[in-house]
Amino acid sequence: VHLIPVNPIREDGLNPKSRKRIMPDLLTEPPAIDPVYEAHIYCNIPTIAERSMEGHAPHYFKLVSVQVLIRHGDRYPLYAIPKTKRPDIDCMLLPSRKPSHPQLEAFIKHMSKGSAAQMDGSLSSLPRYPSHSLCEMGELTQTGVVQHLRNGQLLREIYINKHKLLLSDWTAKQLYLETTGKSRTLQSALALLYTFLPDFDWKKINMRHQWSTIFCSGSCDCPMRNHYLEEEQRRQYSLRVKNNDLEKIYVDMAKIVGIPTRQLRASNPIDSLLCYFCHNVSFPCTKTGCISMEHFKVIKRHQLEDERERQEKKLYFLYALLATHPLLNQTVNRLQRIAEGKKEEVFVLYSAHDVTLSPVLSALGITEARFPRFAARLVFELWQDGKRPKEHFIRILYNGADVTFQTSFCKDYYKRFSKPMCPLEKFVNFVKRDMFLVFNSTSYYDACRRRLL
């Protein structure tokens with residue numbers, strides 16, 4: 001029997017009861033976007049214990065592999081608003097400061113002893129944890145570390161304690177770890193692994209470096225992917241130009257900080273303002289005035305409207321299919337090897353960015369998903385049917401919510417069968433063949449070079 005929770009857990013991990021419930025009226029417009037509520041979800045401040053659906057399966061199913069794709073945790077902005085004081089945030093790790101975690105102190109001690117780890121190339125020169133009294137641009141904050149200590153702990157309780165995916169004598173060959181070359185992604189991966197692994201042994205940590213944010217490895221040459229990305233950027237620009245409210249806000253903010261409007265827009269103020277918002281720091285002021293919550297709301301609302309239009313226009317979807325095929329192909333190949341009985345790389349961790357997770361969600365057809373929050377996680381579980389050991393199934397979870405049947409390749413299966421997961425071959429067929437149908441192609445190489453009419 002496929003049990004459906006009476007009180008479903010939303011993808012952001014919140015219980016629906018925690019918001020005011022309004023009876024739906026099917027004839028009204030879709031609900032208005034609440035930019036402040038959405039920004040809170042994006043910040044993902046660690047407060048209440050998270051409920052999740054990971055590891056749920058009929059008792060006769062055996063978990064044989066878990067592959068996790070994460071976005072790094074909370075970070076300092078990548079851009080500064082010109083002529084304003086940078087947000088005053090401390091990136092030293094202090095267990096006594098909130099938000100904290102019971103294992104934060106032990107994590108700091110352990111990270112300072114990491115000489116035995118195998119780190120690819122430039123990764124070995126990166127710091128293992130944040131340590132500046134005024135954060136550097138893009139640096140992981142204490143909040144970001146705590147978010148991933150919590151992620152690791154949650155996954156450990158399910159996959160290690162309950163399902164015994166890795167035993168106490170686990171080996172380096174059972175892990176596959178890969179991160180981009182940014183300190184925030186390496187540190188996020190280490191925080192998650194520290195609370196996840198049965199015993200964090202530096203000698204067994206072999207971290208690979210991925211130079212591409214879309215993890216395309218040796219298959220990055222794809223002219224049509226770049227073409228769709230350029231088309232998508234044109235769509236974004238066109239939507240922004242049409243938004244009069246947004247233009248007025250930019251003009252007003254540019255006057256406050258005393259720079260041309262174009263320069264303010266180029267400094268991507270939403271990235272900086274989100275940092276003030278997530279850390280509950282007052283927005284910056286000058287002699288002319290202060291940037292206000294109203295400025296923030298208009299820019300955030302436009303960002304959310306842009307995401308909504310992006311889903312409708314499909315240019316991003318075409319980009320996403322080509323951008324994520326190399327990563328999804330690697331995932332599928334590994335799952336097939338494990339289904340055939342290989343015992344290596346049963347736990348995989350890719351530590352990445354919003355620009356990695358977002359196209360993967362789009363390519364899989366998970367259109368209901370929110371834009372990846374800080375410390376977002378996308379999990380692929382591989383299960384073996386205990387009654388028919390040759391049959392393998394997958395579950396896909398986003399921030400703890402089961403999104404398997406939101407995927408384009410498993411929507412119909414759910415309607416006809418009662419199993420609470422998706423046959424592995426449906427995922428394999430999607431990645432090896434169906435991803436290219438919209439391009440009228442049969443291979444990644446061909447789709448990358450064939451222009452749609």
# chains A, B, ... in the order shown; residues from 1 in each chain; ligands from 1
call {"tool": "residues_around", "arguments": {"residues": "Tyr194 in chain A", "least_positions_apart": "5", "cutoff": "9 Å", "atoms": "only C-alpha atoms", "output": "list of chain:residue names"}}
result
A:Gln103, A:Phe107, A:His110, A:Leu149, A:Gly152, A:Gln153, A:Ala189, A:Asp199, A:Phe200
call {"tool": "write_last_selection", "arguments": {"atoms": "N, CA, C and O atoms", "output": "PDB file, in the first residue's frame"}}
result
ATOM      1  N   GLN A 103      28.120  19.543  17.344  1.00  0.00           N
ATOM      2  CA  GLN A 103      29.402  19.019  16.871  1.00  0.00           C
ATOM      3  C   GLN A 103      30.310  20.078  16.233  1.00  0.00           C
ATOM      4  O   GLN A 103      31.348  19.751  15.666  1.00  0.00           O
ATOM      5  N   PHE A 107      34.149  19.620  15.049  1.00  0.00           N
ATOM      6  CA  PHE A 107      34.386  19.807  13.611  1.00  0.00           C
ATOM      7  C   PHE A 107      35.595  20.728  13.386  1.00  0.00           C
ATOM      8  O   PHE A 107      36.480  20.425  12.582  1.00  0.00           O
ATOM      9  N   HIS A 110      38.800  18.907  14.209  1.00  0.00           N
ATOM     10  CA  HIS A 110      39.096  17.864  13.229  1.00  0.00           C
ATOM     11  C   HIS A 110      39.591  18.461  11.912  1.00  0.00           C
ATOM     12  O   HIS A 110      40.488  17.916  11.260  1.00  0.00           O
ATOM     13  N   LEU A 149      26.267  20.726   8.629  1.00  0.00           N
ATOM     14  CA  LEU A 149      26.399  19.789   9.762  1.00  0.00           C
ATOM     15  C   LEU A 149      25.034  19.151  10.035  1.00  0.00           C
ATOM     16  O   LEU A 149      24.931  17.951  10.308  1.00  0.00           O
ATOM     17  N   GLY A 152      24.200  16.613   7.179  1.00  0.00           N
ATOM     18  CA  GLY A 152      24.939  15.366   7.381  1.00  0.00           C
ATOM     19  C   GLY A 152      24.360  14.532   8.492  1.00  0.00           C
ATOM     20  O   GLY A 152      24.233  13.300   8.374  1.00  0.00           O
ATOM     21  N   GLN A 153      23.974  15.186   9.586  1.00  0.00           N
ATOM     22  CA  GLN A 153      23.407  14.468  10.733  1.00  0.00           C
ATOM     23  C   GLN A 153      22.077  13.808  10.355  1.00  0.00           C
ATOM     24  O   GLN A 153      21.822  12.648  10.690  1.00  0.00           O
ATOM     25  N   ALA A 189      30.994  20.535   1.799  1.00  0.00           N
ATOM     26  CA  ALA A 189      31.129  19.079   1.664  1.00  0.00           C
ATOM     27  C   ALA A 189      31.741  18.479   2.925  1.00  0.00           C
ATOM     28  O   ALA A 189      31.259  17.450   3.441  1.00  0.00           O
ATOM     29  N   ASP A 199      32.676   7.337  10.787  1.00  0.00           N
ATOM     30  CA  ASP A 199      33.880   7.812  11.479  1.00  0.00           C
ATOM     31  C   ASP A 199      34.647   8.625  10.441  1.00  0.00           C
ATOM     32  O   ASP A 199      35.028   8.098   9.398  1.00  0.00           O
ATOM     33  N   PHE A 200      34.843   9.905  10.703  1.00  0.00           N
ATOM     34  CA  PHE A 200      35.482  10.774   9.708  1.00  0.00           C
ATOM     35  C   PHE A 200      36.997  10.559   9.761  1.00  0.00           C
ATOM     36  O   PHE A 200      37.682  11.055  10.650  1.00  0.00           O
TER      37      PHE A 200
END
call {"tool": "residues_around", "arguments": {"residues": "Leu328 in chain A", "least_positions_apart": "5", "cutoff": "9 Å", "atoms": "only C-alpha atoms", "output": "PDB file with C-alpha atoms, in the first residue's frame"}}
result
ATOM      1  CA  ASN A 333      26.197   4.808 -15.266  1.00  0.00           C
ATOM      2  CA  VAL A 360      19.206  19.546 -12.905  1.00  0.00           C
ATOM      3  CA  VAL A 431      19.140  10.037 -19.745  1.00  0.00           C
TER       4      VAL A 431
END
call {"tool": "select_by_dssp", "arguments": {"residues": "range 230-450 of chain A", "states": "strand (DSSP E or B)", "output": "PyMOL selection string"}}
result
chain A and resi 285-286+289-290+347-352+377-385+392-398+401-402+422-423
call {"tool": "closest_atom_pairs", "arguments": {"of": "range 205-254 of chain A", "to": "range 177-180 of chain A", "cutoff": "7 Å", "atoms": "only C-alpha atoms", "output": "JSON lines"}}
result
{"residue": "A:Asn206", "atom": "CA", "partner": "A:Leu177", "partner_atom": "CA", "distance": 6.7}
{"residue": "A:Met207", "atom": "CA", "partner": "A:Leu177", "partner_atom": "CA", "distance": 5.1}
{"residue": "A:Arg208", "atom": "CA", "partner": "A:Glu178", "partner_atom": "CA", "distance": 4.5}
{"residue": "A:His209", "atom": "CA", "partner": "A:Thr179", "partner_atom": "CA", "distance": 5.4}
{"residue": "A:Gln210", "atom": "CA", "partner": "A:Thr180", "partner_atom": "CA", "distance": 4.7}
{"residue": "A:Trp211", "atom": "CA", "partner": "A:Thr180", "partner_atom": "CA", "distance": 5.8}
{"residue": "A:Ser212", "atom": "CA", "partner": "A:Thr180", "partner_atom": "CA", "distance": 6.9}
{"residue": "A:Thr213", "atom": "CA", "partner": "A:Thr180", "partner_atom": "CA", "distance": 6.6}
call {"tool": "select_by_dssp", "arguments": {"residues": "range 211-320 of chain A", "states": "helix (DSSP H, G or I)", "output": "PyMOL selection string"}}
result
chain A and resi 223-242+244-257+261-266+269-278+293-313+315-320
call {"tool": "closest_atom_pairs", "arguments": {"of": "range 242-361 of chain A", "to": "range 432-445 of chain A", "cutoff": "12 Å", "atoms": "only C-alpha atoms", "output": "CSV"}}
result
residue,atom,partner,partner_atom,distance
A:Lys314,CA,A:Val438,CA,11.1
A:Leu315,CA,A:Val438,CA,11.9
A:Phe317,CA,A:Val438,CA,10.4
A:Leu318,CA,A:Val438,CA,8.2
A:Tyr319,CA,A:Phe439,CA,11.1
A:Ala320,CA,A:Met435,CA,10.2
A:Leu321,CA,A:Met435,CA,6.5
A:Leu322,CA,A:Tyr444,CA,7.4
A:Ala323,CA,A:Tyr444,CA,10.2
A:Thr324,CA,A:Met435,CA,10.1
A:His325,CA,A:Tyr444,CA,7.5
A:Pro326,CA,A:Tyr444,CA,8.6
A:Leu328,CA,A:Lys432,CA,9.4
A:Asn329,CA,A:Lys432,CA,7.2
A:Gln330,CA,A:Lys432,CA,10.7
A:Thr331,CA,A:Lys432,CA,11.4
A:Val332,CA,A:Lys432,CA,8.7
A:Asn333,CA,A:Lys432,CA,9.8
call {"tool": "residues_around", "arguments": {"residues": "Arg370 in chain A", "least_positions_apart": "6", "cutoff": "10 Å", "atoms": "only C-alpha atoms", "output": "list of chain:residue names"}}
result
A:Glu11, A:Asp12, A:Glu38, A:Ile41, A:Tyr42, A:Leu304, A:Glu307, A:Arg308, A:Ser358, A:Leu361, A:Tyr398
call {"tool": "write_last_selection", "arguments": {"atoms": "N, CA, C and O atoms", "output": "mmCIF file, in the first residue's frame"}}
result
data_model
loop_
_atom_site.group_PDB
_atom_site.id
_atom_site.type_symbol
_atom_site.label_atom_id
_atom_site.label_comp_id
_atom_site.auth_asym_id
_atom_site.auth_seq_id
_atom_site.Cartn_x
_atom_site.Cartn_y
_atom_site.Cartn_z
ATOM 1 N N GLU A 11 8.287 20.866 0.158
ATOM 2 C CA GLU A 11 9.691 20.755 -0.216
ATOM 3 C C GLU A 11 10.601 21.658 0.596
ATOM 4 O O GLU A 11 11.781 21.422 0.711
ATOM 5 N N ASP A 12 10.037 22.709 1.205
ATOM 6 C CA ASP A 12 10.909 23.564 2.001
ATOM 7 C C ASP A 12 11.049 23.046 3.428
ATOM 8 O O ASP A 12 11.658 23.689 4.278
ATOM 9 N N GLU A 38 9.249 34.073 0.805
ATOM 10 C CA GLU A 38 10.135 33.304 -0.081
ATOM 11 C C GLU A 38 11.611 33.538 0.274
ATOM 12 O O GLU A 38 12.422 32.624 0.207
ATOM 13 N N ILE A 41 12.588 31.396 3.225
ATOM 14 C CA ILE A 41 12.824 30.003 2.835
ATOM 15 C C ILE A 41 14.202 29.868 2.177
ATOM 16 O O ILE A 41 14.937 28.921 2.440
ATOM 17 N N TYR A 42 14.544 30.844 1.341
ATOM 18 C CA TYR A 42 15.842 30.833 0.660
ATOM 19 C C TYR A 42 16.995 30.875 1.671
ATOM 20 O O TYR A 42 17.995 30.179 1.523
ATOM 21 N N LEU A 304 11.403 36.453 -8.440
ATOM 22 C CA LEU A 304 10.458 35.325 -8.379
ATOM 23 C C LEU A 304 9.587 35.270 -9.643
ATOM 24 O O LEU A 304 9.287 34.191 -10.155
ATOM 25 N N GLU A 307 11.625 33.726 -12.372
ATOM 26 C CA GLU A 307 11.676 32.264 -12.271
ATOM 27 C C GLU A 307 10.401 31.635 -12.842
ATOM 28 O O GLU A 307 10.444 30.610 -13.524
ATOM 29 N N ARG A 308 9.265 32.282 -12.567
ATOM 30 C CA ARG A 308 7.988 31.759 -13.064
ATOM 31 C C ARG A 308 7.942 31.806 -14.591
ATOM 32 O O ARG A 308 7.536 30.840 -15.242
ATOM 33 N N SER A 358 19.868 24.070 -10.090
ATOM 34 C CA SER A 358 18.691 24.592 -10.794
ATOM 35 C C SER A 358 18.468 23.924 -12.158
ATOM 36 O O SER A 358 17.361 23.462 -12.453
ATOM 37 N N LEU A 361 17.172 20.223 -11.719
ATOM 38 C CA LEU A 361 15.736 20.166 -11.403
ATOM 39 C C LEU A 361 14.903 20.401 -12.658
ATOM 40 O O LEU A 361 13.921 19.696 -12.911
ATOM 41 N N TYR A 398 14.016 16.181 -2.907
ATOM 42 C CA TYR A 398 14.553 17.542 -2.928
ATOM 43 C C TYR A 398 14.240 18.192 -1.588
ATOM 44 O O TYR A 398 13.061 18.336 -1.231
#
